[in-house]
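So this block is entry39.csv, CSV, C-alpha atoms:
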chain,number,residue,atom,x,y,z
A,1,MET,CA,0.0,0.0,0.0
A,2,LEU,CA,1.6,3.3,-1.1
A,3,ASP,CA,0.3,6.1,1.0
A,4,ASN,CA,1.4,9.8,1.4
A,5,GLU,CA,4.1,9.0,3.9
A,6,GLN,CA,5.7,6.3,1.7
A,7,LEU,CA,5.5,8.5,-1.3
A,8,LYS,CA,7.2,11.3,0.6
A,9,GLU,CA,10.0,8.9,1.9
A,10,ALA,CA,10.5,7.6,-1.7
A,11,ARG,CA,11.0,11.1,-3.0
A,12,GLU,CA,13.3,12.1,-0.2
A,13,ARG,CA,15.6,9.2,-0.9
A,14,ASP,CA,16.2,10.7,-4.3
A,15,GLY,CA,17.2,7.4,-5.8
A,16,GLU,CA,19.3,6.1,-2.9
A,17,ARG,CA,18.7,2.8,-1.1
A,18,ALA,CA,16.2,2.6,1.8
A,19,ASP,CA,17.7,2.3,5.3
A,20,GLU,CA,15.2,-0.3,6.2
A,21,ARG,CA,14.0,-2.9,3.7
A,22,PRO,CA,13.0,-6.6,3.6
A,23,ASP,CA,15.6,-9.4,3.6
A,24,GLU,CA,14.3,-10.5,0.2
A,25,ALA,CA,15.7,-7.3,-1.3
A,26,ASP,CA,19.3,-8.4,-0.6
A,27,VAL,CA,18.6,-12.0,-1.7
A,28,GLY,CA,17.4,-10.7,-5.1
A,29,LEU,CA,20.7,-8.9,-5.6
A,30,GLU,CA,22.9,-11.8,-4.4
A,31,ARG,CA,21.6,-14.4,-6.9
A,32,ASP,CA,24.3,-16.0,-9.0
A,33,TYR,CA,22.5,-18.4,-11.3
A,34,PRO,CA,24.1,-21.8,-12.1
A,35,ALA,CA,25.3,-22.1,-15.6
A,36,VAL,CA,27.4,-24.5,-17.7
A,37,GLY,CA,31.0,-23.5,-17.9
A,38,PHE,CA,33.9,-23.2,-15.4
A,39,SER,CA,33.5,-20.0,-13.4
A,40,ASN,CA,30.3,-19.1,-15.3
A,41,GLY,CA,27.8,-18.4,-12.5
A,42,ASP,CA,27.4,-20.8,-9.6
A,43,PRO,CA,29.2,-24.2,-9.8
A,44,LEU,CA,27.1,-27.1,-10.9
A,45,LEU,CA,28.9,-29.3,-8.4
A,46,ASN,CA,28.3,-28.7,-4.7
A,47,ARG,CA,31.8,-27.3,-4.2
A,48,ASP,CA,33.8,-24.2,-5.1
A,49,TYR,CA,35.5,-24.0,-8.5
A,50,SER,CA,38.8,-24.1,-6.7
A,51,GLU,CA,38.0,-27.6,-5.5
A,52,TYR,CA,37.0,-29.0,-8.9
A,53,PRO,CA,39.1,-31.9,-10.2
A,54,ARG,CA,41.7,-31.2,-12.8
A,55,SER,CA,41.3,-32.6,-16.2
A,56,ASP,CA,43.0,-36.0,-15.9
A,57,ASP,CA,41.8,-36.4,-12.3
A,58,ILE,CA,38.4,-37.5,-13.6
A,59,LEU,CA,40.0,-40.7,-14.7
A,60,SER,CA,40.8,-41.7,-11.1
A,61,PRO,CA,38.5,-44.2,-9.3
A,62,ASP,CA,37.0,-41.6,-6.9
A,63,ALA,CA,35.8,-39.3,-9.7
A,64,SER,CA,32.8,-41.3,-10.6
A,65,GLY,CA,30.6,-39.3,-8.2
A,66,VAL,CA,31.6,-36.1,-9.9
A,67,LEU,CA,30.6,-37.4,-13.3
A,68,GLU,CA,27.3,-38.9,-12.1
A,69,THR,CA,26.4,-35.6,-10.5
A,70,LEU,CA,27.0,-33.6,-13.7
A,71,VAL,CA,25.3,-36.2,-15.9
A,72,GLU,CA,22.1,-35.9,-13.8
A,73,HIS,CA,22.2,-32.1,-13.6
A,74,ARG,CA,19.3,-30.5,-15.5
A,75,LEU,CA,21.6,-28.1,-17.4
A,76,ILE,CA,23.9,-30.8,-18.7
A,77,GLY,CA,22.9,-32.1,-22.0
A,78,SER,CA,26.1,-33.3,-23.7
A,79,VAL,CA,29.7,-34.5,-23.2
A,80,ARG,CA,30.7,-31.0,-24.3
A,81,ASP,CA,28.8,-29.5,-21.4
A,82,ILE,CA,30.7,-31.6,-18.9
A,83,SER,CA,33.9,-30.7,-20.7
A,84,ASP,CA,33.2,-27.0,-20.4
A,85,GLU,CA,32.2,-27.3,-16.8
A,86,LEU,CA,35.3,-29.2,-15.8
A,87,ARG,CA,37.7,-27.5,-18.2
A,88,ALA,CA,38.6,-31.0,-19.5
A,89,ASP,CA,39.2,-32.2,-23.0
A,90,VAL,CA,36.1,-33.8,-24.6
A,91,THR,CA,38.1,-37.0,-25.3
A,92,VAL,CA,39.1,-37.2,-21.6
A,93,VAL,CA,35.5,-36.8,-20.5
A,94,SER,CA,34.3,-39.5,-22.9
A,95,LYS,CA,37.0,-41.8,-21.7
A,96,ALA,CA,36.2,-41.1,-18.0
A,97,LEU,CA,32.5,-41.8,-18.6
A,98,GLU,CA,33.3,-45.1,-20.2
A,99,LEU,CA,35.8,-46.0,-17.5
A,100,HIS,CA,33.4,-45.3,-14.7
A,101,ASP,CA,30.5,-46.9,-16.5
A,102,VAL,CA,28.5,-43.6,-16.4
A,103,ASP,CA,25.9,-43.1,-19.1
A,104,ARG,CA,26.3,-40.2,-21.4
A,105,PRO,CA,24.0,-37.2,-20.6
A,106,GLU,CA,20.8,-36.9,-22.5
A,107,SER,CA,19.8,-33.8,-24.4
A,108,VAL,CA,18.4,-31.0,-22.1
A,109,GLU,CA,14.7,-30.4,-22.3
A,110,ASP,CA,13.7,-27.0,-23.5
A,111,ASP,CA,11.8,-26.2,-20.3
A,112,ALA,CA,14.9,-26.9,-18.2
A,113,GLN,CA,16.8,-24.1,-19.8
A,114,PRO,CA,16.7,-20.6,-18.3
A,115,SER,CA,14.5,-18.3,-20.3
A,116,GLU,CA,14.7,-14.6,-21.0
A,117,SER,CA,10.9,-14.5,-21.4
A,118,GLU,CA,10.5,-14.3,-17.6
A,119,ILE,CA,12.1,-12.7,-14.6
A,120,GLU,CA,12.1,-13.8,-10.9
A,121,LEU,CA,11.2,-11.0,-8.6
A,122,PRO,CA,13.2,-10.6,-5.3
A,123,ASP,CA,10.4,-12.4,-3.4
A,124,GLY,CA,10.7,-15.4,-5.6
A,125,THR,CA,7.6,-14.7,-7.8
A,126,VAL,CA,8.3,-15.6,-11.5
A,127,VAL,CA,6.6,-13.3,-14.0
A,128,ALA,CA,6.4,-13.5,-17.8
A,129,THR,CA,8.1,-10.4,-19.3
A,130,GLU,CA,5.1,-10.0,-21.7
A,131,GLN,CA,3.1,-8.8,-18.7
A,132,PHE,CA,5.4,-5.7,-18.4
A,133,ARG,CA,5.6,-2.6,-20.4
A,134,SER,CA,8.4,-2.6,-23.0
A,135,PRO,CA,11.1,-1.8,-22.3
A,136,ILE,CA,10.7,-3.4,-18.9
A,137,TYR,CA,12.3,-0.5,-16.9
A,138,ARG,CA,9.3,1.7,-18.0
A,139,ASP,CA,6.7,-0.5,-16.2
A,140,ALA,CA,5.3,1.6,-13.4
A,141,ARG,CA,4.2,-1.4,-11.3
A,142,LEU,CA,7.7,-2.9,-11.4
A,143,LEU,CA,9.3,0.5,-10.7
A,144,GLU,CA,7.2,0.9,-7.6
A,145,TYR,CA,7.8,-2.6,-6.4
A,146,LEU,CA,11.6,-2.4,-6.7
A,147,TYR,CA,12.1,1.2,-5.5
A,148,VAL,CA,9.4,1.4,-2.8
A,149,ASP,CA,8.7,-2.2,-1.6
A,150,CYS,CA,12.2,-3.5,-2.0
A,151,GLY,CA,13.9,-0.3,-1.1
A,152,TYR,CA,16.4,-0.5,-4.0
A,153,SER,CA,18.5,2.4,-5.1
A,154,ILE,CA,18.6,3.3,-8.8
A,155,ALA,CA,21.9,1.6,-9.2
A,156,GLU,CA,20.6,-1.6,-7.5
A,157,MET,CA,17.5,-1.5,-9.7
A,158,ARG,CA,19.7,-1.4,-12.7
A,159,GLU,CA,21.9,-4.3,-11.3
A,160,PHE,CA,18.8,-6.4,-10.6
A,161,LEU,CA,17.1,-5.8,-14.0
A,162,GLU,CA,20.3,-6.5,-16.0
A,163,SER,CA,20.9,-9.7,-14.1
A,164,GLU,CA,17.4,-11.0,-14.6
A,165,ARG,CA,17.2,-9.9,-18.3
A,166,ASN,CA,20.5,-11.5,-19.2
A,167,HIS,CA,19.9,-14.7,-17.3
A,168,GLY,CA,18.9,-17.2,-20.0
A,169,ARG,CA,19.6,-14.8,-22.8
A,170,GLY,CA,21.1,-16.5,-25.9
A,171,ALA,CA,24.8,-16.1,-26.3
A,172,GLU,CA,24.2,-14.8,-29.9
A,173,LYS,CA,22.4,-11.8,-28.5
A,174,PRO,CA,23.9,-8.6,-27.2
A,175,ARG,CA,23.9,-8.1,-23.4
A,176,TRP,CA,20.7,-6.3,-22.2
A,177,THR,CA,21.6,-3.1,-20.4
A,178,VAL,CA,19.9,0.0,-19.0
A,179,ASP,CA,21.4,3.3,-17.8
A,180,ASN,CA,20.8,4.7,-14.3
A,181,THR,CA,19.6,7.9,-15.9
A,182,ASP,CA,16.9,6.1,-17.8
A,183,ILE,CA,15.6,4.5,-14.6
A,184,ARG,CA,15.7,7.9,-12.8
A,185,THR,CA,13.7,9.4,-15.7
A,186,GLU,CA,11.0,6.8,-15.4
A,187,LEU,CA,10.8,7.1,-11.6
A,188,GLU,CA,10.2,10.8,-12.2
A,189,MET,CA,7.6,10.0,-14.8
A,190,VAL,CA,5.5,7.9,-12.4
A,191,GLY,CA,6.0,10.5,-9.6
A,192,LEU,CA,8.2,8.5,-7.3
A,193,LEU,CA,10.9,11.1,-7.7
A,194,ILE,CA,10.7,14.8,-8.3
A,195,GLY,CA,12.4,15.9,-11.5
A,196,ASP,CA,13.6,19.3,-12.7
A,197,GLY,CA,11.2,19.2,-15.6
A,198,ASP,CA,8.1,17.8,-13.7
A,199,ASP,CA,5.1,19.1,-15.6
A,200,GLY,CA,2.5,17.3,-13.3
A,201,GLU,CA,1.7,14.7,-15.9
A,202,ARG,CA,2.8,11.3,-14.8
A,203,ASP,CA,2.0,7.6,-15.6
A,204,ASP,CA,-0.5,5.8,-13.4
A,205,ILE,CA,1.8,3.8,-11.0
A,206,ARG,CA,-0.9,1.1,-10.7
A,207,LEU,CA,-1.4,0.3,-14.3
A,208,GLY,CA,1.7,1.6,-16.2
A,209,GLY,CA,-0.4,3.9,-18.3
A,210,ALA,CA,-2.8,6.9,-18.1
A,211,SER,CA,-2.2,9.9,-15.9
A,212,LEU,CA,-2.3,10.0,-12.1
A,213,SER,CA,-3.7,13.1,-10.5
A,214,GLU,CA,-2.6,14.4,-7.1
A,215,SER,CA,-6.0,13.8,-5.7
A,216,GLU,CA,-5.6,10.1,-6.1
A,217,THR,CA,-2.7,10.0,-3.7
A,218,SER,CA,-4.0,12.6,-1.3
A,219,GLY,CA,-6.1,10.2,0.8
A,220,THR,CA,-5.1,7.7,3.4
A,221,ASP,CA,-6.1,4.7,1.3
A,222,GLY,CA,-3.1,5.1,-1.1
A,223,LEU,CA,-2.3,2.8,-4.0
A,224,THR,CA,-1.7,-0.9,-3.9
A,225,VAL,CA,1.0,-2.7,-5.8
A,226,SER,CA,1.8,-6.3,-5.1
A,227,THR,CA,3.4,-9.2,-7.0
A,228,SER,CA,-0.1,-10.5,-7.7
A,229,ASP,CA,-0.6,-7.4,-9.9
A,230,PHE,CA,2.0,-8.8,-12.5
In structure tokens, write the structure found in this file.
Amino acid sequence: MLDNEQLKEARERDGERADERPDEADVGLERDYPAVGFSNGDPLLNRDYSEYPRSDDILSPDASGVLETLVEHRLIGSVRDISDELRADVTVVSKALELHDVDRPESVEDDAQPSESEIELPDGTVVATEQFRSPIYRDARLLEYLYVDCGYSIAEMREFLESERNHGRGAEKPRWTVDNTDIRTELEMVGLLIGDGDDGERDDIRLGGASLSESETSGTDGLTVSTSDF
């Protein structure tokens, strides 16, 4: 519920992070998604990359568990994937699989792959990007949720959005980015910040469209934005 006091506090922050905010806000910024490839996101094995076996080590008798874990991982769909994760030659991986009598991995199902068509909000809610205004940083509901409910600074909003939009993005596509100035401009447009050129016409922070008159925020009922709105 966004009331007068919350709106005042949001504007006074002027794009800085809130002093008090829910734990989920920090969790959303600390995500490091698992991905295939050595040092690419979180390790697929339950250990630090520094503790990964070296290339020829996977031929030793005690390495069968490592190979079994990787073969069963939802992101592993080929011998090449295991090779990339362990920084081992494909021929060495193939030999190790045969030596330890571990079946070769099956192709990854499409729905097991991360998708850029959705984002996971800090509270864990997964939302299809088609539900947001495009580009996504212009969606008023998302702006209010990240800036007011999560207490993110503008820089943290950029960090979160870039992380989520690039997770699952095809390697053939350029990295998705947004500038801090663009986010600030949109926060001003929806009235969550006061801009130098504020002309009184702002987007409706509930719907991501239409204009919001001052009278709609002058009462005690305020405006409601929750993850169920997305």
field: Of the listed residues A:Ser55, A:Glu98, A:Leu67, A:Leu121, that which approaches A:Val27 most closely, counting all atoms listed in the file
entry: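 Among the listed residues, the smallest separation from A:Val27 belongs to A:Leu121.
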- line: Correct to one decimal, the distance atom CA of A:Ser78-atom CA of A:Tyr49 is 20.1 Å
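Straight-line separation from atom CA of A:Gly77 to atom CA of A:Asp57: 21.7 Å.
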field: Non-local contacts of stretch 148-158 of chain A (8 Å; only C-alpha atoms; under 5 positions in same chain excluded) as a PyMOL selection string
entry: chain A and resi 6+10+15-22+24-25+29+122+143+178-180+183-184
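Our summary of the geometry notes that atom CA of A:Ile76 is positioned 23.2 Å from atom CA of A:Arg175.
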field: Proximity to A:Ser39 - best of A:Asp3, A:Glu51, A:Glu144, A:Glu106, all atoms listed in the file
entry: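 When distances to A:Ser39 are compared using all atoms listed in the file, the smallest one comes from A:Glu51.
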message: I need the residue nearest A:Leu86 from this list: A:Glu72, A:Arg104, A:Gly65, A:Phe38. Use all atoms listed in the file for the distance.
response: A:Phe38
- request: Please provide as a list in words all residues within 10 Å of A:Ile58, with the sequence filter that same-chain residues fewer than 3 positions apart are discarded (counting only C-alpha atoms).
  value: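 After dropping sequence-adjacent residues, the list is Tyr52, Pro53, Arg54, Ser55, Pro61, Asp62, Ala63, Ser64, Gly65, Val66, Leu67, Leu86, Ala88, Val92, Val93, Lys95, Ala96, Leu97, Leu99 and His100 of chain A.
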task: Could you check which of A:Thr91, A:Thr69, A:Asn4, A:Ser163 is closest to A:Thr177, using all atoms listed in the file?
output: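 Closest to A:Thr177 of all the choices is A:Ser163.
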message: Nearest residue to A:Pro43 out of A:Asp139, A:Asp103, A:Glu85, A:Glu162, using all atoms listed in the file?
response: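 The shortest atom-to-atom distance to A:Pro43 comes from A:Glu85.
Taking all atoms listed in the file into account, A:Glu188 lies nearest to A:Arg11 out of the set A:Val90, A:Tyr145, A:Glu118, A:Arg11.
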- prompt: If we count all atoms listed in the file, what is near A:Leu7 at a cut-off of 9 Å, once residues fewer than 5 positions away on the same chain are taken out, given as a PyMOL selection string?
  reply: chain A and resi 2+12+148+191-193+217
Set the distance at 12 Å and use all atoms listed in the file: which residues neighbour A:Thr129 once local chain neighbours fewer than 5 positions away are removed? I'd like the list as a PDB file with C-alpha atoms, in the frame of the given file.
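Result written to result-v6.pdb:
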ATOM      1  CA  SER A 115      14.500 -18.300 -20.300  1.00  0.00           C
ATOM      2  CA  GLU A 116      14.700 -14.600 -21.000  1.00  0.00           C
ATOM      3  CA  SER A 117      10.900 -14.500 -21.400  1.00  0.00           C
ATOM      4  CA  GLU A 118      10.500 -14.300 -17.600  1.00  0.00           C
ATOM      5  CA  ILE A 119      12.100 -12.700 -14.600  1.00  0.00           C
ATOM      6  CA  GLU A 120      12.100 -13.800 -10.900  1.00  0.00           C
ATOM      7  CA  LEU A 121      11.200 -11.000  -8.600  1.00  0.00           C
ATOM      8  CA  SER A 134       8.400  -2.600 -23.000  1.00  0.00           C
ATOM      9  CA  PRO A 135      11.100  -1.800 -22.300  1.00  0.00           C
ATOM     10  CA  ILE A 136      10.700  -3.400 -18.900  1.00  0.00           C
ATOM     11  CA  TYR A 137      12.300  -0.500 -16.900  1.00  0.00           C
ATOM     12  CA  ASP A 139       6.700  -0.500 -16.200  1.00  0.00           C
ATOM     13  CA  LEU A 142       7.700  -2.900 -11.400  1.00  0.00           C
ATOM     14  CA  LEU A 161      17.100  -5.800 -14.000  1.00  0.00           C
ATOM     15  CA  GLU A 164      17.400 -11.000 -14.600  1.00  0.00           C
ATOM     16  CA  ARG A 165      17.200  -9.900 -18.300  1.00  0.00           C
ATOM     17  CA  PHE A 230       2.000  -8.800 -12.500  1.00  0.00           C
TER      18      PHE A 230
END
